[in-house]
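This report concerns only the one structure given below.
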Amino acid sequence: MSIRRIVPIEQSEWSVIPVYEWVRPRSLDWSWPPPESQAVVMLLFDEQHDIATQAVFLRIVRMLTSLTAVQSQSQVAIEFDPAAQCLRVHELVVWRLDPDGVRRRRTPVRQQDFLLRQREQQFEQQILNGRVSLVALLEDVRVGDAIDLAYTLEPRDPMPGLLFTSFHFLVWGLPVGSASVALNLHPDHPVRWQLFAPADARLPVELRESDRVCWQIDQPALFQPEANVSGGHWPFPVLEVTAWESWGEIARFFSELWADALNDETDTIAAEAASLAANKSIEAAILEALRFVQEEVRYLAIDFGHGAGMLPSGAGTVLRRRFGDCKDKSVLLTALLRALGLSARPMLVATSWRHAIARLLPSTACFNHAIVAFEFAGKKYFVDPTVIGQAGNLADWVAPPLGFGLEIDTNNDALVELPSLPVAELILTETFTLDRRGNGGAVEQKLLATSWFADEFRASFIRSGLPQIVKNRADVLKQHFPALLPQPDSAELEDDRVENRISLLSRHGLPTWGPVDRKPPDFFGYGAHGLFLAIETLNDREQRTQPFALRHPLRVRHQVIVRGKPVRKLKPEVFRHEGPGFRYCVEVSSKRREVRFDYSWESTAAEISPEQWQEFCRERRTALDRAGATVHTPALKPLLIARRALPIAIIVAGLAAGWLRNAESNRVINEAGGVERAAGMAFEHVKRREFSQAYELANAVRSNYRNNFEMQILFAEAALRTGHFQEADEALREARKLRTDNPLPDQLQAALYEARGELGPSRDLLIRLAAQPGAADLVFSELARLSERMGDPVAARKAWEMVLARQPAQPDALFGLARLLWSIGERDRADALIPGVIAAQPTPSAVLQSTLARFFSATGRPARAVEPARRAAELSPNVPEMVLQHAMALLQAGDRSNALSAALAMMEKFPNNPLATGALAMAAAMAGENVIAETAFKGWVEQAPDDPDALSGYGFFLHRSGRGMEAKTLLAEGTRRFPGHGNLWLNYAVVLEALGDSGAVQAREQASRLLTDEQRATLVR
């Protein structure tokens, strides 16, 4: 049964007509000076509702103040649902300031100039909404023009019994001259309203007449959204209007509206219920029905047609086609439970507002989701039929944490509060077996989840499949241990659906705990990374005015066990710490050849108030500073150590004397918790590419490790990446003395030459390294890249082909060779190279999709880069580099709106990651959102002080913002610290040219010499 009437696009009802008589005209205030930093400002926002007809009039006047805005905003689209609405366009006109200083209207857009188009923007989210867009491509739009659009949306075939209701969030993310919401009242259709607002909020002015009420606010403050805020917290005025008298009235309306759907094909439903219950107890039959609807009826919202958004499909229809949205699945589950003899009802809920709906007036507009409530054995249960992976017996069934809901029942007259979440546990145990010979090294991971954590992980297995989940976990581990040898066939999944516990066991080879092709280092470095499978990542430098929501209640535990002959014992330690919203503990214990780190985290609150935020960040930072796992794994045997000339007491005394001789080093070491801990933390920072922190720590302890090759190499790399080139040189000389036959110092020396801009010596050194037996792949990759940079494609091709002969799917080599082939004219072969390797892989590869996207970007085809970048981000959604690439691909392709949306989503997911901050900075700058962009650029520079792209991007942004001297100072410092970075020199040259500085010529020449072809192709301006 289908109770919706579908309207094809060609039957959409729209026209261009004069404004209705019930609309009150509003004048424009051209005297308001818009902020100079914004590309788009809204001069007027005017929304008027006619209560009797439920029509809504909208007039929006936007001024475009930059070329970027003209490029992105000169196409006007009005979206509407042709099954539920009729569109009446009143006027679309451009206002322009004439030379005499008067704003004048240009010719309005004619009806024949509009185009009707349909695009399913939510198709990938399994939602078909059937909405269409009326589009106009404006001609001759210029900087300073204002686009004035006025239209009315009217109900098409109004649904009987549906009363007026609406919500208005009086907040804007761009400057607004004047905004208003008005109601055209009618005695036969009474409404009431209420205004919610924080104590310090600026309220709109209420203007009331006998037949009309209006709320108006002029030049409201810009709203800055903050991440991870509960949907029920409104830090701005919210206006609610409703014609409904009670929640019971709404429950009766929906009961009548959904009655036919619930009673659809009762015989078919009864037969299915009997099949599900065959040879089972009633409780087992209930659980089987829940599982069937959740996992075998797929989610797909066909949210169009008459009644879409409110009318469900019939239960029999949903059963037959095995898909539906939340309403459809709730109707089917309710019908099946009733067929099993239970009392069951659909329930309306608000997934974001949750508990907040209890403070609202009765309204249909506050609900956006449907679930099911039923009774069994004297107890009420709640089920979300759109969830997958849920398990457990009924006694421990986890209700969805949705606050309050309204049961669809003619006898119901009030909201019902749903149960709170129970405590869930997540335990990750990782056992590392270290072997310096590279034979028996291994890591075993066991992940155990209970309650709603188990439901979440089970859903992941169902969506992605066990092999992909195991691969994802191994990929995360490989980021810390590049030599890891994944063994996907070792995975063992145990799923106890009765007790709702799920565990995953996997084992992988670990020939070394350091870089590939190097001897195992003297330190094993890791940490409590497993905690972040559950607890929030955050930007603790953020200033908040809104609460920060926490996952609660939860307990997370991460055990790291390191064992093997190289492992040295650590002093037992217990560290406990508490702060707002959490408790943390780490216990360190050891025995012969084994060290154990046991980290645990427990939430104690559901959110952190703005007043608690700074304390929360400070105490959380204090706790997680003790989340490292550094173990001494020296190559020397204890017997050799005992033969050293100096006794341990003299060594310790010497270290103490060294501390006294260097107060700054002493401070750094003390703050780190000792020399070994400082050294271990330095290794951790280098692995995370946090070179400033690594440099400070390594510089403090290097005198204690003068004879340690790994420490000299670490310090050299940290010094190189932070612009301390002389110190890098000194450390490399020391490293060569310690291991004369190790090629690593020369590899870093080549990088140091290049960083200084000395490309010839760098290439010569790489050529000598490549000629040595057993040269690492990295040497050939660097030689190929540098050869191409210096204009020698023959040598570059030979080097890339050497890498691919060893590793046929090595991503950098694939990209390098494909881009090189393209540049020398072999374009068909270039285009086929990477797709051919992708097709040969047994499973989808995010890295290879990313490589393909990079290739298209580097060859000047940004539009083709978007799709593989999107696939890479989907395959590895938790890898920020993949998500960043998708956002940048959208930006390079000119899709600035979606690029900004992707960057904002990335920022929400990785709030303290400089890659996310950088993406937001670039996307916001290109979209003309200068306030957001500047905040993001400052955060990027602060979070990633060693990233020359951060300085380069911020400098160019300052230049575009008209702050040339600031840009010059910043970029001059950048070129001093990173003299081999081409983008810095290019932006520095642009700034100097704009300032008329004679140094621009030299800067431009330096940029031309240093910029790679890929950098030139992927410049974002």
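Within each chain, counting starts at residue 1; across the structure tokens, chains are named A, B, ... in the order shown, with ligands numbered 1 upward in that order.
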Taking a cut-off of 12 Å and counting only C-alpha atoms, can you build a table that, for each residue of segment 431-539 of chain A near segment 737-748 of chain A, reports the nearest atom pair and how far apart they are in Å (one decimal), sorted by chain then residue number, as a Markdown table?
```
| residue | atom | partner | partner_atom | distance |
| --- | --- | --- | --- | --- |
| A:Pro515 | CA | A:Leu744 | CA | 11.0 |
| A:Val516 | CA | A:Leu744 | CA | 11.8 |
| A:Asp517 | CA | A:Leu744 | CA | 10.3 |
| A:Arg518 | CA | A:Leu744 | CA | 8.7 |
| A:Lys519 | CA | A:Asn742 | CA | 10.1 |
```
Save the residues we just selected, C-alpha atoms, as an mmCIF file, in the first residue's frame?
```
data_model
loop_
_atom_site.group_PDB
_atom_site.id
_atom_site.type_symbol
_atom_site.label_atom_id
_atom_site.label_comp_id
_atom_site.auth_asym_id
_atom_site.auth_seq_id
_atom_site.Cartn_x
_atom_site.Cartn_y
_atom_site.Cartn_z
ATOM 1 C CA PRO A 515 61.760 2.485 10.811
ATOM 2 C CA VAL A 516 61.753 -0.080 8.015
ATOM 3 C CA ASP A 517 65.164 -1.295 6.895
ATOM 4 C CA ARG A 518 66.877 -0.063 10.042
ATOM 5 C CA LYS A 519 68.101 -1.905 13.082
#
```
Shortest interatomic distance to Tyr151 of chain A - which of A:Val181, A:Val16, A:Ala221, A:Met922, counting only C-alpha atoms
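With only C-alpha atoms as the atom set, the closest residue is A:Val16.
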Shell of 7 Å around Phe167 of chain A, only C-alpha atoms, local chain residues under 6 positions omitted, as a list in words
Leu239, Glu240 and Val241 of chain A
Set out as JSON lines a contact list for segment 537-622 of chain A and segment 447-456 of chain A with a cut-off of 10 Å, giving each residue of segment 537-622 of chain A that qualifies its closest atom pair and distance in Å to one decimal, counting only C-alpha atoms, ordered by chain and rising residue number.
```
{"residue": "A:Leu554", "atom": "CA", "partner": "A:Phe453", "partner_atom": "CA", "distance": 8.7}
{"residue": "A:Val556", "atom": "CA", "partner": "A:Ala449", "partner_atom": "CA", "distance": 9.3}
{"residue": "A:Arg557", "atom": "CA", "partner": "A:Leu448", "partner_atom": "CA", "distance": 9.8}
{"residue": "A:His558", "atom": "CA", "partner": "A:Leu447", "partner_atom": "CA", "distance": 9.3}
```
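Assigned to strand (DSSP E) in segment 142-191 of chain A, given DSSP computed from backbone atoms, are Ala146, Ile147, Asp148, Leu149, Ala150, Tyr151, Thr152, Leu153, Glu154, Pro155, Thr165, Ser166, Phe167, His168, Phe169, Val176, Gly177, Ser178, Ala179, Ser180, Val181, Ala182, Leu183 and Asn184 of chain A.
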Surrounding residues of Arg321 of chain A excluding itself and chain neighbours under 5 positions, 12 Å, only C-alpha atoms, as an MDAnalysis selection string:
chainID A and resid 1 296:300 313:316 328:329 332
Just want the 12 Å neighbourhood of segment 787-796 of chain A, counted on only C-alpha atoms, with same-chain residues fewer than 2 positions away dropped. Output as a PyMOL selection string.
chain A and resi 754+757-764+766-767+770+779-785+798-803+813+816-825+982+1008-1016
When you draw a straight line from atom CA of Trp244 of chain A to atom CA of Glu206 of chain A, how long is it in Å?
22.0 Å
Atom CA of Gly509 of chain A to atom CA of Pro486 of chain A, straight-line distance in Å:
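Computing it gives 6.4 Å between the two atoms.
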Atomic separation - atom CA of Glu79 of chain A relative to atom CA of Ala865 of chain A, Å
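For atom CA of Ala865 of chain A relative to atom CA of Glu79 of chain A, the distance reads 28.4 Å.
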Counting only C-alpha atoms, which residues of segment 279-379 of chain A sit at most 10 Å from some atom of segment 162-165 of chain A, and what is each one's closest atom pair with its distance in Å to one decimal, listed by chain and rising residue number, as a Markdown table?
```
| residue | atom | partner | partner_atom | distance |
| --- | --- | --- | --- | --- |
| A:Leu361 | CA | A:Thr165 | CA | 9.9 |
| A:Pro362 | CA | A:Thr165 | CA | 9.1 |
| A:Ser363 | CA | A:Thr165 | CA | 6.2 |
| A:Thr364 | CA | A:Thr165 | CA | 6.9 |
| A:Ala365 | CA | A:Thr165 | CA | 6.3 |
| A:Cys366 | CA | A:Thr165 | CA | 9.2 |
```
With N, CA and C atoms kept, could you save the residues just selected as a PDB file, in the first residue's frame?
```pdb
ATOM      1  N   LEU A 361       6.485  24.010  23.615  1.00  0.00           N
ATOM      2  CA  LEU A 361       5.048  23.884  23.420  1.00  0.00           C
ATOM      3  C   LEU A 361       4.794  22.673  22.521  1.00  0.00           C
ATOM      4  N   PRO A 362       3.613  22.064  22.605  1.00  0.00           N
ATOM      5  CA  PRO A 362       3.314  20.928  21.724  1.00  0.00           C
ATOM      6  C   PRO A 362       3.487  21.316  20.257  1.00  0.00           C
ATOM      7  N   SER A 363       4.210  20.483  19.520  1.00  0.00           N
ATOM      8  CA  SER A 363       4.539  20.822  18.139  1.00  0.00           C
ATOM      9  C   SER A 363       4.887  19.566  17.373  1.00  0.00           C
ATOM     10  N   THR A 364       4.486  19.531  16.098  1.00  0.00           N
ATOM     11  CA  THR A 364       4.921  18.423  15.232  1.00  0.00           C
ATOM     12  C   THR A 364       6.300  18.686  14.647  1.00  0.00           C
ATOM     13  N   ALA A 365       6.726  19.947  14.624  1.00  0.00           N
ATOM     14  CA  ALA A 365       7.974  20.298  13.952  1.00  0.00           C
ATOM     15  C   ALA A 365       9.213  19.946  14.753  1.00  0.00           C
ATOM     16  N   CYS A 366       9.070  19.576  16.023  1.00  0.00           N
ATOM     17  CA  CYS A 366      10.254  19.272  16.834  1.00  0.00           C
ATOM     18  C   CYS A 366      10.755  17.854  16.622  1.00  0.00           C
TER      19      CYS A 366
END
```
Could you tell me, as number ranges by chain, which residues of segment 378-595 of chain A DSSP assigns to alpha helix (DSSP H) when given the backbone?
A: 451-464, 466-480
Shell around Gly514 of chain A at 8 Å using only C-alpha atoms, local window under 4 positions removed, as a PyMOL selection string:
chain A and resi 481-483+518-521+524
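If you measure from each of A:Ala442, A:Met907, A:Ala391, A:Leu58 to Ile78 of chain A using only C-alpha atoms, the closest one turns out to be A:Leu58.
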Residues within 10 Å of segment 184-197 of chain A, only C-alpha atoms, excluding chain neighbours under 3 positions, as a PyMOL selection string
chain A and resi 22-24+48-54+56+163-170+200-204+209-214+234-245+359-361
Which residue out of A:Gln849, A:Ser31, A:Thr65, A:Gln892 has the minimum interatomic distance to Gly101 of chain A when only C-alpha atoms are used?
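Nearest candidate to Gly101 of chain A out of A:Gln849, A:Ser31, A:Thr65, A:Gln892: A:Ser31.
Of the listed residues (A:Glu717, A:Glu226, A:Asp475, A:Glu272), A:Glu272 comes nearest to Arg338 of chain A; the distances count only C-alpha atoms.
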Check the smallest atom-to-atom distance from each of A:Gln85, A:Phe910, A:Ala830, A:Pro511 to Thr859 of chain A using only C-alpha atoms, then report the winner.
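Selected residue with least distance to Thr859 of chain A: A:Ala830.
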